[in-house]
Amino acid sequence: MLLPYRIVFDEENIAYFTADNRAKYKALFSGRPLPGLPELEGFVFDFSFQREVSDCTKPTHPGYDRRIRLTLEKLMNRFFEIDPYNVMAFVCEATDYKHKMRQRVFGDWHAAHRNRIAKVTFSLPSGTVGENGSAGESVGGLFYLKDHPLALKIESGLGAEIAYYTTIKAEY
């Protein structure tokens with residue numbers, strides 16, 4: 001049975017783990033505002049994930065590792081266990097054209113929690129051009145508990161934010 005990697009948290013609550021191929025990973029939840037929702041101040045966090053491959057056995061192509069996905073799922077579960085009022089935001093940038101794959105990881109995690117956790121997704125123009133010549137996009141969304149007392153405001157706040165950023169990106 002596969003298990004998640006051992007996670008170490010530093011004093012700033014940043015999570016670190018090392019994969020079998022010696023790639024080092026850093027995952028963190030950074031606080032951010034959700035415009036128009038001051039009542040959520042301190043409860044909205046961007047989830048970000050970085051890989052350092054300088055010591056990796058195959059730095060240009062580290063390969064697929066199912067334990068990484070399990071480790072990310074463990075981190076996301078912990079996020080909602082810490083405080084049920086938390087809202088997790090994520091953005092999958094299109095710079096390396098793997099954004100849809102990353103979004104699928106979030107979707108697969110959510111599928112196991114869909115009765116308890118709400119998901120609102122979005123797609124925004126990224127200003128990049130896809131491999132097939134189409135306009136690139138950044139994809140992402142929010143997760144929050146379905147019984148969150150501000151659920152309707154969270155969805156409307158995200159809608160307003162998407163409209164704002166879509167307008168800004170369209171100008172470039």
# chains A, B, ... in the order shown; residues from 1 in each chain; ligands from 1
>>> residues_around(residues="A:Asp83", least_positions_apart="4", cutoff="12 Å", atoms="only C-alpha atoms", output="JSON, numbers by chain")
{"A": [42, 43, 44, 45, 76, 77, 78, 79, 87, 88, 144, 145, 148]}
>>> select_by_dssp(residues="stretch 51-122 of chain A", states="alpha helix (DSSP H)", output="ChimeraX atom specification")
/A:66-82,99-111
>>> write_last_selection(atoms="N, CA and C atoms", output="mmCIF file, in the first residue's frame")
data_model
loop_
_atom_site.group_PDB
_atom_site.id
_atom_site.type_symbol
_atom_site.label_atom_id
_atom_site.label_comp_id
_atom_site.auth_asym_id
_atom_site.auth_seq_id
_atom_site.Cartn_x
_atom_site.Cartn_y
_atom_site.Cartn_z
ATOM 1 N N ARG A 66 3.123 8.495 -7.653
ATOM 2 C CA ARG A 66 1.789 8.524 -7.028
ATOM 3 C C ARG A 66 1.842 8.979 -5.579
ATOM 4 N N ARG A 67 2.972 8.806 -4.922
ATOM 5 C CA ARG A 67 3.082 9.223 -3.520
ATOM 6 C C ARG A 67 3.033 10.745 -3.383
ATOM 7 N N ILE A 68 3.457 11.467 -4.415
ATOM 8 C CA ILE A 68 3.379 12.939 -4.372
ATOM 9 C C ILE A 68 1.913 13.357 -4.311
ATOM 10 N N ARG A 69 1.103 12.755 -5.142
ATOM 11 C CA ARG A 69 -0.329 13.058 -5.134
ATOM 12 C C ARG A 69 -0.934 12.747 -3.760
ATOM 13 N N LEU A 70 -0.579 11.610 -3.170
ATOM 14 C CA LEU A 70 -1.080 11.255 -1.839
ATOM 15 C C LEU A 70 -0.642 12.275 -0.793
ATOM 16 N N THR A 71 0.574 12.770 -0.932
ATOM 17 C CA THR A 71 1.089 13.760 0.015
ATOM 18 C C THR A 71 0.330 15.076 -0.118
ATOM 19 N N LEU A 72 0.063 15.499 -1.355
ATOM 20 C CA LEU A 72 -0.715 16.716 -1.568
ATOM 21 C C LEU A 72 -2.122 16.568 -1.003
ATOM 22 N N GLU A 73 -2.728 15.418 -1.210
ATOM 23 C CA GLU A 73 -4.069 15.178 -0.665
ATOM 24 C C GLU A 73 -4.050 15.246 0.860
ATOM 25 N N LYS A 74 -3.017 14.710 1.470
ATOM 26 C CA LYS A 74 -2.894 14.769 2.926
ATOM 27 C C LYS A 74 -2.812 16.221 3.394
ATOM 28 N N LEU A 75 -2.063 17.046 2.672
ATOM 29 C CA LEU A 75 -1.943 18.467 3.025
ATOM 30 C C LEU A 75 -3.278 19.189 2.888
ATOM 31 N N MET A 76 -4.016 18.893 1.827
ATOM 32 C CA MET A 76 -5.307 19.551 1.625
ATOM 33 C C MET A 76 -6.318 19.117 2.689
ATOM 34 N N ASN A 77 -6.310 17.847 3.056
ATOM 35 C CA ASN A 77 -7.202 17.379 4.127
ATOM 36 C C ASN A 77 -6.867 18.080 5.441
ATOM 37 N N ARG A 78 -5.590 18.191 5.732
ATOM 38 C CA ARG A 78 -5.139 18.856 6.966
ATOM 39 C C ARG A 78 -5.611 20.312 6.994
ATOM 40 N N PHE A 79 -5.599 20.964 5.846
ATOM 41 C CA PHE A 79 -5.993 22.364 5.740
ATOM 42 C C PHE A 79 -7.394 22.584 6.308
ATOM 43 N N PHE A 80 -8.337 21.722 5.943
ATOM 44 C CA PHE A 80 -9.715 21.881 6.426
ATOM 45 C C PHE A 80 -9.898 21.357 7.845
ATOM 46 N N GLU A 81 -9.021 20.464 8.283
ATOM 47 C CA GLU A 81 -9.083 20.004 9.677
ATOM 48 C C GLU A 81 -8.624 21.109 10.631
ATOM 49 N N ILE A 82 -7.697 21.950 10.194
ATOM 50 C CA ILE A 82 -7.172 23.031 11.038
ATOM 51 C C ILE A 82 -8.275 24.025 11.378
ATOM 52 N N HIS A 99 -1.204 22.819 -16.963
ATOM 53 C CA HIS A 99 -2.225 23.348 -16.060
ATOM 54 C C HIS A 99 -3.450 22.443 -15.948
ATOM 55 N N LYS A 100 -3.873 21.850 -17.044
ATOM 56 C CA LYS A 100 -5.050 20.970 -17.009
ATOM 57 C C LYS A 100 -4.767 19.718 -16.175
ATOM 58 N N MET A 101 -3.545 19.199 -16.266
ATOM 59 C CA MET A 101 -3.172 18.037 -15.471
ATOM 60 C C MET A 101 -3.200 18.390 -13.981
ATOM 61 N N ARG A 102 -2.663 19.574 -13.647
ATOM 62 C CA ARG A 102 -2.665 19.999 -12.248
ATOM 63 C C ARG A 102 -4.090 20.198 -11.738
ATOM 64 N N GLN A 103 -4.929 20.779 -12.581
ATOM 65 C CA GLN A 103 -6.314 20.991 -12.180
ATOM 66 C C GLN A 103 -7.008 19.648 -11.933
ATOM 67 N N ARG A 104 -6.645 18.644 -12.697
ATOM 68 C CA ARG A 104 -7.218 17.310 -12.519
ATOM 69 C C ARG A 104 -6.870 16.734 -11.142
ATOM 70 N N VAL A 105 -5.657 17.004 -10.647
ATOM 71 C CA VAL A 105 -5.278 16.534 -9.306
ATOM 72 C C VAL A 105 -6.235 17.115 -8.264
ATOM 73 N N PHE A 106 -6.512 18.417 -8.376
ATOM 74 C CA PHE A 106 -7.453 19.042 -7.440
ATOM 75 C C PHE A 106 -8.849 18.438 -7.600
ATOM 76 N N GLY A 107 -9.259 18.212 -8.844
ATOM 77 C CA GLY A 107 -10.578 17.632 -9.098
ATOM 78 C C GLY A 107 -10.709 16.222 -8.556
ATOM 79 N N ASP A 108 -9.666 15.419 -8.715
ATOM 80 C CA ASP A 108 -9.700 14.052 -8.197
ATOM 81 C C ASP A 108 -9.783 14.044 -6.677
ATOM 82 N N TRP A 109 -9.020 14.935 -6.040
ATOM 83 C CA TRP A 109 -9.092 15.034 -4.581
ATOM 84 C C TRP A 109 -10.509 15.427 -4.163
ATOM 85 N N HIS A 110 -11.073 16.414 -4.852
ATOM 86 C CA HIS A 110 -12.408 16.897 -4.503
ATOM 87 C C HIS A 110 -13.463 15.804 -4.669
ATOM 88 N N ALA A 111 -13.319 14.948 -5.666
ATOM 89 C CA ALA A 111 -14.316 13.908 -5.925
ATOM 90 C C ALA A 111 -14.574 13.059 -4.679
#
>>> residues_around(residues="A:Ser54", least_positions_apart="4", cutoff="10 Å", atoms="only C-alpha atoms", output="PyMOL selection string")
chain A and resi 22-24+58-60
>>> atom_distance(atom1="atom CA of A:His61", atom2="atom CA of A:Asp10")
28.0 Å
>>> atom_distance(atom1="atom CA of A:Ser123", atom2="atom CA of A:Ala151")
20.3 Å
>>> decode(residues="stretch 33-51 of chain A", atoms="N, CA, C and O atoms", output="PDB file, in the first residue's frame")
ATOM      1  N   PRO A  33      -6.533  38.134   0.502  1.00  0.00           N
ATOM      2  CA  PRO A  33      -7.904  38.638   0.615  1.00  0.00           C
ATOM      3  C   PRO A  33      -8.780  38.110  -0.520  1.00  0.00           C
ATOM      4  O   PRO A  33      -8.283  37.709  -1.563  1.00  0.00           O
ATOM      5  N   LEU A  34     -10.053  38.087  -0.288  1.00  0.00           N
ATOM      6  CA  LEU A  34     -11.021  37.836  -1.350  1.00  0.00           C
ATOM      7  C   LEU A  34     -11.799  39.136  -1.455  1.00  0.00           C
ATOM      8  O   LEU A  34     -12.562  39.486  -0.552  1.00  0.00           O
ATOM      9  N   PRO A  35     -11.562  39.910  -2.527  1.00  0.00           N
ATOM     10  CA  PRO A  35     -12.158  41.250  -2.633  1.00  0.00           C
ATOM     11  C   PRO A  35     -13.653  41.264  -2.329  1.00  0.00           C
ATOM     12  O   PRO A  35     -14.385  40.395  -2.760  1.00  0.00           O
ATOM     13  N   GLY A  36     -14.042  42.247  -1.563  1.00  0.00           N
ATOM     14  CA  GLY A  36     -15.448  42.425  -1.235  1.00  0.00           C
ATOM     15  C   GLY A  36     -15.939  41.546  -0.100  1.00  0.00           C
ATOM     16  O   GLY A  36     -17.122  41.554   0.214  1.00  0.00           O
ATOM     17  N   LEU A  37     -15.046  40.771   0.505  1.00  0.00           N
ATOM     18  CA  LEU A  37     -15.457  39.890   1.590  1.00  0.00           C
ATOM     19  C   LEU A  37     -14.556  40.070   2.815  1.00  0.00           C
ATOM     20  O   LEU A  37     -13.795  39.175   3.182  1.00  0.00           O
ATOM     21  N   PRO A  38     -14.646  41.234   3.475  1.00  0.00           N
ATOM     22  CA  PRO A  38     -13.787  41.456   4.641  1.00  0.00           C
ATOM     23  C   PRO A  38     -14.064  40.468   5.780  1.00  0.00           C
ATOM     24  O   PRO A  38     -13.185  40.199   6.590  1.00  0.00           O
ATOM     25  N   GLU A  39     -15.259  39.888   5.804  1.00  0.00           N
ATOM     26  CA  GLU A  39     -15.581  38.936   6.862  1.00  0.00           C
ATOM     27  C   GLU A  39     -14.797  37.622   6.733  1.00  0.00           C
ATOM     28  O   GLU A  39     -14.742  36.827   7.656  1.00  0.00           O
ATOM     29  N   LEU A  40     -14.154  37.421   5.585  1.00  0.00           N
ATOM     30  CA  LEU A  40     -13.329  36.230   5.393  1.00  0.00           C
ATOM     31  C   LEU A  40     -11.842  36.512   5.612  1.00  0.00           C
ATOM     32  O   LEU A  40     -11.009  35.632   5.391  1.00  0.00           O
ATOM     33  N   GLU A  41     -11.519  37.711   6.037  1.00  0.00           N
ATOM     34  CA  GLU A  41     -10.118  38.080   6.280  1.00  0.00           C
ATOM     35  C   GLU A  41      -9.462  37.055   7.200  1.00  0.00           C
ATOM     36  O   GLU A  41      -9.977  36.727   8.262  1.00  0.00           O
ATOM     37  N   GLY A  42      -8.337  36.507   6.764  1.00  0.00           N
ATOM     38  CA  GLY A  42      -7.610  35.517   7.556  1.00  0.00           C
ATOM     39  C   GLY A  42      -8.040  34.086   7.328  1.00  0.00           C
ATOM     40  O   GLY A  42      -7.476  33.167   7.912  1.00  0.00           O
ATOM     41  N   PHE A  43      -9.044  33.869   6.459  1.00  0.00           N
ATOM     42  CA  PHE A  43      -9.519  32.513   6.204  1.00  0.00           C
ATOM     43  C   PHE A  43      -9.323  32.050   4.765  1.00  0.00           C
ATOM     44  O   PHE A  43      -9.620  30.905   4.447  1.00  0.00           O
ATOM     45  N   VAL A  44      -8.857  32.918   3.873  1.00  0.00           N
ATOM     46  CA  VAL A  44      -8.671  32.553   2.469  1.00  0.00           C
ATOM     47  C   VAL A  44      -7.172  32.379   2.225  1.00  0.00           C
ATOM     48  O   VAL A  44      -6.373  33.260   2.539  1.00  0.00           O
ATOM     49  N   PHE A  45      -6.817  31.229   1.650  1.00  0.00           N
ATOM     50  CA  PHE A  45      -5.414  30.906   1.442  1.00  0.00           C
ATOM     51  C   PHE A  45      -5.187  30.367   0.036  1.00  0.00           C
ATOM     52  O   PHE A  45      -5.945  29.532  -0.451  1.00  0.00           O
ATOM     53  N   ASP A  46      -4.130  30.854  -0.603  1.00  0.00           N
ATOM     54  CA  ASP A  46      -3.669  30.293  -1.876  1.00  0.00           C
ATOM     55  C   ASP A  46      -2.803  29.090  -1.561  1.00  0.00           C
ATOM     56  O   ASP A  46      -1.897  29.173  -0.726  1.00  0.00           O
ATOM     57  N   PHE A  47      -3.065  27.997  -2.233  1.00  0.00           N
ATOM     58  CA  PHE A  47      -2.226  26.815  -2.089  1.00  0.00           C
ATOM     59  C   PHE A  47      -1.207  26.837  -3.219  1.00  0.00           C
ATOM     60  O   PHE A  47      -1.560  26.957  -4.385  1.00  0.00           O
ATOM     61  N   SER A  48       0.067  26.767  -2.871  1.00  0.00           N
ATOM     62  CA  SER A  48       1.100  26.713  -3.907  1.00  0.00           C
ATOM     63  C   SER A  48       2.050  25.566  -3.607  1.00  0.00           C
ATOM     64  O   SER A  48       2.194  25.126  -2.463  1.00  0.00           O
ATOM     65  N   PHE A  49       2.698  25.122  -4.654  1.00  0.00           N
ATOM     66  CA  PHE A  49       3.494  23.918  -4.607  1.00  0.00           C
ATOM     67  C   PHE A  49       4.692  24.106  -5.522  1.00  0.00           C
ATOM     68  O   PHE A  49       4.543  24.526  -6.665  1.00  0.00           O
ATOM     69  N   GLN A  50       5.880  23.828  -5.016  1.00  0.00           N
ATOM     70  CA  GLN A  50       7.099  24.018  -5.814  1.00  0.00           C
ATOM     71  C   GLN A  50       7.973  22.774  -5.723  1.00  0.00           C
ATOM     72  O   GLN A  50       8.031  22.119  -4.680  1.00  0.00           O
ATOM     73  N   ARG A  51       8.702  22.516  -6.798  1.00  0.00           N
ATOM     74  CA  ARG A  51       9.617  21.371  -6.832  1.00  0.00           C
ATOM     75  C   ARG A  51      11.025  21.863  -7.114  1.00  0.00           C
ATOM     76  O   ARG A  51      11.243  22.655  -8.024  1.00  0.00           O
TER      77      ARG A  51
END
